[in-house]
$ cat data31.cif   # mmCIF, C-alpha atoms
data_query
loop_
_atom_site.label_atom_id
_atom_site.label_comp_id
_atom_site.auth_asym_id
_atom_site.auth_seq_id
_atom_site.Cartn_x
_atom_site.Cartn_y
_atom_site.Cartn_z
CA MET A 1 -15.65 18.43 42.14
CA ASP A 2 -14.48 15.10 43.55
CA ARG A 3 -11.29 13.31 42.56
CA ASP A 4 -12.99 10.81 40.26
CA LEU A 5 -14.67 13.54 38.22
CA VAL A 6 -11.42 15.51 37.93
CA GLU A 7 -9.54 12.43 36.72
CA THR A 8 -12.29 11.50 34.26
CA VAL A 9 -12.48 14.99 32.76
CA GLY A 10 -8.69 15.36 32.75
CA LEU A 11 -8.10 12.05 30.99
CA ARG A 12 -10.83 12.83 28.47
CA TRP A 13 -9.20 16.12 27.50
CA LEU A 14 -5.73 14.58 27.59
CA ARG A 15 -6.88 11.94 25.12
CA ARG A 16 -8.27 14.62 22.83
CA LEU A 17 -5.03 16.60 23.02
CA VAL A 18 -2.95 13.51 22.20
CA ILE A 19 -5.20 12.65 19.24
CA ALA A 20 -5.02 16.26 18.01
CA ALA A 21 -1.22 16.24 18.31
CA PHE A 22 -0.96 13.02 16.29
CA LEU A 23 -3.30 14.45 13.66
CA VAL A 24 -1.19 17.60 13.32
CA VAL A 25 2.03 15.60 13.01
CA THR A 26 0.45 13.28 10.42
CA VAL A 27 -1.57 15.74 8.34
CA PHE A 28 0.70 18.80 8.38
CA PRO A 29 3.41 17.47 5.98
CA PHE A 30 0.79 16.45 3.43
CA TYR A 31 -1.03 19.78 3.86
CA TYR A 32 2.17 21.77 3.31
CA MET A 33 3.00 19.65 0.27
CA LEU A 34 -0.46 20.38 -1.10
CA VAL A 35 -0.06 24.12 -0.42
CA LEU A 36 3.26 24.20 -2.24
CA SER A 37 1.80 22.34 -5.23
CA VAL A 38 -0.92 24.95 -5.87
CA ARG A 39 1.23 28.08 -5.48
CA PRO A 40 3.02 29.84 -8.33
CA ILE A 41 6.78 29.52 -8.07
CA GLU A 42 7.27 33.29 -7.91
CA ARG A 43 4.92 33.58 -4.90
CA LEU A 44 6.69 30.68 -3.22
CA LEU A 45 10.06 32.38 -3.58
CA LEU A 46 8.70 35.58 -2.04
CA ASP A 47 7.02 33.86 0.93
CA PRO A 48 8.08 30.21 1.27
CA GLY A 49 6.78 29.82 4.82
CA SER A 50 3.17 30.81 4.13
CA LEU A 51 0.68 28.13 5.17
CA VAL A 52 -2.39 29.86 3.75
CA VAL A 53 -2.96 30.40 0.04
CA GLY A 54 -5.37 33.04 -1.17
CA PHE A 55 -7.84 32.21 -3.90
CA GLY A 56 -6.06 34.62 -6.21
CA GLU A 57 -2.82 32.63 -5.86
CA LEU A 58 -4.27 29.18 -6.50
CA THR A 59 -3.07 27.54 -9.69
CA VAL A 60 -3.36 24.09 -11.26
CA ALA A 61 -0.63 24.77 -13.82
CA THR A 62 1.77 22.59 -11.85
CA TYR A 63 -0.58 19.59 -12.09
CA ALA A 64 -1.13 20.27 -15.78
CA GLU A 65 2.63 20.20 -16.33
CA VAL A 66 3.03 17.02 -14.31
CA LEU A 67 0.25 15.14 -16.10
CA LYS A 68 0.95 16.43 -19.59
CA ALA A 69 2.75 14.08 -21.97
CA THR A 70 6.48 14.57 -22.44
CA ASP A 71 5.96 15.22 -26.15
CA ASP A 72 3.85 18.25 -25.18
CA GLY A 73 6.44 19.60 -22.76
CA GLY A 74 5.08 17.94 -19.62
CA GLN A 75 6.41 15.29 -17.25
CA GLY A 76 4.27 12.38 -18.52
CA PHE A 77 2.83 11.32 -15.17
CA LEU A 78 -0.36 9.98 -16.73
CA THR A 79 1.74 7.24 -18.33
CA PHE A 80 3.53 6.61 -15.04
CA ILE A 81 0.21 6.38 -13.18
CA ARG A 82 -1.11 3.90 -15.73
CA ASN A 83 2.00 1.74 -15.44
CA SER A 84 1.97 1.84 -11.63
CA GLY A 85 -1.75 1.05 -11.56
CA VAL A 86 -1.35 -1.96 -13.84
CA VAL A 87 1.62 -3.29 -11.88
CA ALA A 88 0.08 -2.69 -8.44
CA VAL A 89 -3.33 -4.18 -9.28
CA ALA A 90 -1.82 -7.20 -11.04
CA ALA A 91 0.63 -7.86 -8.19
CA THR A 92 -2.13 -7.55 -5.59
CA VAL A 93 -4.54 -9.86 -7.43
CA LEU A 94 -1.89 -12.51 -8.09
CA THR A 95 -0.62 -12.35 -4.52
CA LEU A 96 -4.10 -12.79 -3.05
CA ALA A 97 -4.93 -15.57 -5.51
CA VAL A 98 -1.99 -17.57 -4.17
CA ALA A 99 -1.92 -16.35 -0.57
CA ILE A 100 -5.57 -17.06 0.33
CA PRO A 101 -5.60 -20.81 -0.46
CA GLY A 102 -2.01 -21.13 0.79
CA ALA A 103 -2.80 -19.48 4.11
CA TYR A 104 -5.97 -21.54 4.52
CA ALA A 105 -4.04 -24.74 3.86
CA VAL A 106 -1.40 -23.86 6.44
CA ALA A 107 -4.06 -22.92 9.00
CA ARG A 108 -6.41 -25.89 8.55
CA LEU A 109 -4.60 -28.81 6.93
CA ARG A 110 -2.10 -31.09 8.65
CA PHE A 111 1.00 -32.00 6.65
CA PHE A 112 4.69 -32.70 7.16
CA GLY A 113 6.71 -29.56 7.82
CA ARG A 114 3.70 -27.43 8.67
CA ARG A 115 5.41 -25.85 11.68
CA GLN A 116 8.43 -24.88 9.61
CA VAL A 117 6.38 -23.06 6.98
CA ASP A 118 6.11 -19.86 9.03
CA PHE A 119 9.87 -19.74 9.53
CA LEU A 120 10.51 -20.30 5.83
CA PHE A 121 8.09 -17.52 4.89
CA LEU A 122 9.59 -15.02 7.31
CA ALA A 123 13.15 -16.07 6.43
CA VAL A 124 12.70 -14.24 3.14
CA TYR A 125 12.76 -10.95 5.04
CA LEU A 126 16.05 -11.77 6.75
CA PHE A 127 17.78 -10.76 3.52
CA PRO A 128 17.68 -7.11 2.38
CA SER A 129 16.32 -6.42 -1.07
CA ILE A 130 19.70 -5.32 -2.39
CA VAL A 131 21.07 -8.85 -1.76
CA ILE A 132 18.61 -10.50 -4.16
CA ALA A 133 18.51 -7.60 -6.62
CA ILE A 134 21.56 -8.72 -8.62
CA PRO A 135 20.52 -12.41 -8.91
CA LEU A 136 17.04 -11.35 -9.98
CA PHE A 137 18.52 -8.94 -12.51
CA VAL A 138 20.63 -11.74 -14.04
CA VAL A 139 17.78 -14.28 -14.08
CA PHE A 140 15.26 -11.86 -15.57
CA SER A 141 17.79 -10.72 -18.17
CA LEU A 142 18.35 -14.32 -19.26
CA ALA A 143 14.58 -14.89 -19.35
CA GLU A 144 14.14 -11.66 -21.38
CA LEU A 145 11.77 -10.26 -18.75
CA ARG A 146 13.88 -7.25 -17.82
CA GLY A 147 12.23 -4.08 -19.00
CA SER A 148 8.72 -5.57 -18.93
CA LEU A 149 5.95 -4.72 -16.50
CA PHE A 150 5.10 -8.43 -16.20
CA GLY A 151 8.57 -9.17 -14.87
CA LEU A 152 8.20 -6.38 -12.31
CA VAL A 153 4.86 -7.86 -11.23
CA LEU A 154 6.54 -11.23 -10.61
CA VAL A 155 9.19 -9.54 -8.48
CA TYR A 156 6.56 -7.80 -6.37
CA VAL A 157 4.57 -11.01 -5.95
CA SER A 158 7.67 -12.80 -4.69
CA GLN A 159 8.25 -9.97 -2.22
CA THR A 160 4.71 -9.68 -0.83
CA LEU A 161 3.54 -13.31 -0.95
CA PRO A 162 5.38 -14.64 2.15
CA VAL A 163 4.12 -11.96 4.54
CA SER A 164 0.64 -12.12 2.98
CA VAL A 165 0.43 -15.85 3.67
CA TYR A 166 1.69 -15.29 7.21
CA MET A 167 -0.86 -12.56 7.96
CA LEU A 168 -3.81 -14.44 6.47
CA ARG A 169 -2.82 -17.69 8.12
CA ASN A 170 -2.97 -16.05 11.56
CA TYR A 171 -6.44 -14.70 10.82
CA PHE A 172 -7.79 -17.98 9.45
CA GLU A 173 -6.74 -19.67 12.69
CA THR A 174 -8.98 -17.28 14.66
CA ILE A 175 -12.08 -18.44 12.77
CA PRO A 176 -13.90 -21.10 14.88
CA VAL A 177 -13.62 -24.56 13.39
CA SER A 178 -17.21 -25.19 14.48
CA LEU A 179 -18.47 -22.86 11.76
CA GLU A 180 -16.75 -24.89 9.06
CA GLU A 181 -17.88 -28.16 10.64
CA SER A 182 -21.48 -26.91 10.58
CA ALA A 183 -21.17 -26.07 6.89
CA ALA A 184 -19.65 -29.52 6.23
CA ILE A 185 -22.57 -31.20 8.00
CA ASP A 186 -24.94 -29.25 5.73
CA GLY A 187 -23.19 -30.81 2.74
CA ALA A 188 -20.71 -28.08 1.74
CA GLY A 189 -17.40 -29.17 0.28
CA ARG A 190 -14.01 -27.71 1.10
CA LEU A 191 -14.24 -25.05 -1.62
CA GLY A 192 -17.79 -24.19 -0.59
CA ILE A 193 -16.71 -23.80 3.02
CA ILE A 194 -13.90 -21.47 2.01
CA ARG A 195 -16.12 -19.37 -0.26
CA ARG A 196 -19.21 -19.14 1.97
CA VAL A 197 -17.77 -19.21 5.49
CA SER A 198 -14.03 -18.54 5.71
CA LEU A 199 -13.65 -15.78 3.11
CA PRO A 200 -16.50 -13.55 4.40
CA LEU A 201 -15.16 -13.81 7.96
CA ALA A 202 -11.60 -13.18 6.81
CA MET A 203 -12.54 -10.17 4.69
CA PRO A 204 -11.04 -7.59 7.11
CA SER A 205 -7.68 -9.32 6.98
CA ILE A 206 -7.90 -9.82 3.21
CA MET A 207 -8.59 -6.12 2.69
CA ALA A 208 -5.68 -5.18 4.98
CA VAL A 209 -3.33 -7.52 3.11
CA ALA A 210 -4.57 -6.23 -0.26
CA LEU A 211 -3.93 -2.63 0.83
CA TYR A 212 -0.46 -3.60 2.06
CA ASP A 213 0.39 -5.37 -1.21
CA PHE A 214 -0.91 -2.47 -3.29
CA MET A 215 1.10 0.08 -1.31
CA ILE A 216 4.30 -1.96 -1.67
CA ALA A 217 3.86 -2.29 -5.44
CA TRP A 218 2.81 1.35 -5.88
CA ASN A 219 5.64 2.93 -3.89
CA GLU A 220 8.53 0.52 -4.58
CA PHE A 221 11.56 2.12 -6.20
CA LEU A 222 14.64 -0.16 -6.17
CA PHE A 223 13.39 -2.98 -8.40
CA ALA A 224 11.50 -0.57 -10.64
CA LEU A 225 14.74 1.34 -11.22
CA LEU A 226 16.71 -1.86 -11.75
CA PHE A 227 14.36 -3.41 -14.31
CA LEU A 228 12.88 -0.39 -16.08
CA VAL A 229 15.65 2.21 -16.08
CA ASP A 230 16.20 1.88 -19.86
CA LYS A 231 12.45 1.90 -20.67
CA PRO A 232 11.14 5.42 -19.90
CA ASP A 233 7.74 4.63 -21.43
CA ARG A 234 7.27 1.89 -18.80
CA TRP A 235 8.40 3.84 -15.75
CA THR A 236 6.28 3.81 -12.61
CA VAL A 237 5.28 6.85 -10.56
CA SER A 238 8.15 6.43 -8.11
CA LEU A 239 10.67 6.53 -10.97
CA GLY A 240 8.98 9.59 -12.46
CA LEU A 241 9.08 11.37 -9.12
CA SER A 242 12.79 10.62 -8.73
CA LEU A 243 13.30 12.18 -12.16
CA LEU A 244 11.60 15.36 -10.94
CA ALA A 245 13.65 15.39 -7.73
CA ASP A 246 16.92 15.10 -9.65
CA GLY A 247 16.03 17.77 -12.17
CA VAL A 248 17.61 21.11 -11.31
CA GLU A 249 15.42 22.97 -13.78
CA VAL A 250 12.18 21.52 -12.37
CA PRO A 251 10.42 23.95 -9.98
CA LYS A 252 9.75 22.61 -6.50
CA THR A 253 6.07 23.36 -6.96
CA VAL A 254 6.00 20.85 -9.81
CA LEU A 255 7.87 18.35 -7.63
CA MET A 256 5.26 18.78 -4.89
CA ALA A 257 2.48 18.28 -7.43
CA GLY A 258 4.12 15.02 -8.46
CA SER A 259 4.35 14.00 -4.80
CA VAL A 260 0.63 14.65 -4.36
CA VAL A 261 -0.12 12.55 -7.44
CA LEU A 262 1.98 9.74 -5.96
CA THR A 263 0.36 9.91 -2.51
CA LEU A 264 -3.28 10.66 -3.33
CA PRO A 265 -4.27 7.22 -4.75
CA ILE A 266 -3.10 5.48 -1.57
CA VAL A 267 -5.08 7.90 0.61
CA ILE A 268 -8.21 7.49 -1.51
CA LEU A 269 -7.84 3.70 -1.52
CA PHE A 270 -7.49 3.60 2.25
CA PHE A 271 -10.62 5.67 2.91
CA ALA A 272 -12.55 3.76 0.23
CA SER A 273 -11.66 0.40 1.80
CA GLU A 274 -12.31 1.52 5.38
CA ARG A 275 -15.99 0.66 5.09
CA LEU A 276 -15.20 -2.81 3.73
CA LEU A 277 -12.80 -3.38 6.59
CA THR A 278 -15.50 -2.71 9.17
CA GLU A 279 -18.31 -4.49 7.31
CA GLY A 280 -16.18 -7.61 6.96
CA LEU A 281 -16.10 -7.96 10.74
CA THR A 282 -19.79 -8.91 10.86
CA SER A 283 -20.40 -10.55 7.48
CA GLY A 284 -20.64 -14.33 7.32
CA ALA A 285 -21.28 -14.88 11.03
CA GLU A 286 -23.82 -17.35 12.43
CA LYS A 287 -27.38 -16.18 12.86
CA GLY A 288 -29.74 -17.04 15.68
#
$ encode --input "data31.cif" --output "structure tokens"
Amino acid sequence: MDRDLVETVGLRWLRRLVIAAFLVVTVFPFYYMLVLSVRPIERLLLDPGSLVVGFGELTVATYAEVLKATDDGGQGFLTFIRNSGVVAVAATVLTLAVAIPGAYAVARLRFFGRRQVDFLFLAVYLFPSIVIAIPLFVVFSLAELRGSLFGLVLVYVSQTLPVSVYMLRNYFETIPVSLEESAAIDGAGRLGIIRRVSLPLAMPSIMAVALYDFMIAWNEFLFALLFLVDKPDRWTVSLGLSLLADGVEVPKTVLMAGSVVLTLPIVILFFASERLLTEGLTSGAEKG
């Protein structure tokens, strides 16, 4: 075997080992959380380090307790999931509805202060969330929006909109202007160009931004606690999970089941959108 073949084979196996190591580090915590959530608490106390669960030990009683309504002795996570879903979807849709035309305008149009827009957008993230939490609490209390899911949606939109515009603006600038000029020569207006040319080509970035916005709204805890703490029927999943974590009488298997319920929608959404992310790379391009 010559040196080139040894290096090629060695690097190939080294790459596989590195990928396998990253997979183990990434997947193992979720796997152990899943194992704990389907084990009876008495079996967990006897053998907490077991990574394999026999079929005779499997139970879904923990998930039944987590999803059952509080009036029936459960933790009421179905209500929390509904609230989180409504807030996350509404915040994502509203953010994209404003960010897409805003990012396109910054990328294509020429106006006074255009160069300063990026700095102003990113300046929002120079301040930690706790700094603006109290002013928002006061303003929303005066506007009678504290305790409402709509008010929480507005908070999330204000948090995700600047970075969404920044990300989409960078992607719109990579789209060749010649494509839009060709559509304009064919008689398309500005809205037609955006809908038929720019949006299909920008779909990978739009899907990435949508996933980012959804994850922020789904997992956020500070503002949800601040605005909804006195409205248990409007709590989100993150608030419900914190309730389980603080409860001494709640078994850790139930806590792990709640953690799986919190994490699973994000995992499913990511794998479901993976195909759209790749298909968007080739949709809307020139033919011939």
$ closest_residue --input "data31.cif" --among "A:Phe270, A:Phe111, A:Phe172, A:Phe223" --to "Ser158 (chain A)" --atoms "all atoms listed in the file"
A:Phe223
$ atom_distance --input "data31.cif" --atom1 "CA of Met256 (chain A)" --atom2 "CA of Ser37 (chain A)"
5.0 Å
$ atom_distance --input "data31.cif" --atom1 "CA of Leu262 (chain A)" --atom2 "CA of Phe137 (chain A)"
25.8 Å
$ closest_residue --input "data31.cif" --among "A:Ala210, A:Ala99, A:Val197, A:Ile266" --to "Tyr166 (chain A)" --atoms "all atoms listed in the file"
A:Ala99
$ closest_residue --input "data31.cif" --among "A:Tyr32, A:Phe55, A:Tyr171, A:Tyr156" --to "Thr253 (chain A)" --atoms "all atoms listed in the file"
A:Tyr32
$ atom_distance --input "data31.cif" --atom1 "CA of Trp218 (chain A)" --atom2 "CA of Ala88 (chain A)"
5.5 Å
$ resolve_selection --input "data31.cif" --expression "the PyMOL selection byres ((chain A and resi 106) around 12)" --output "ChimeraX atom specification"
/A:99-105,107-118,121,165-173
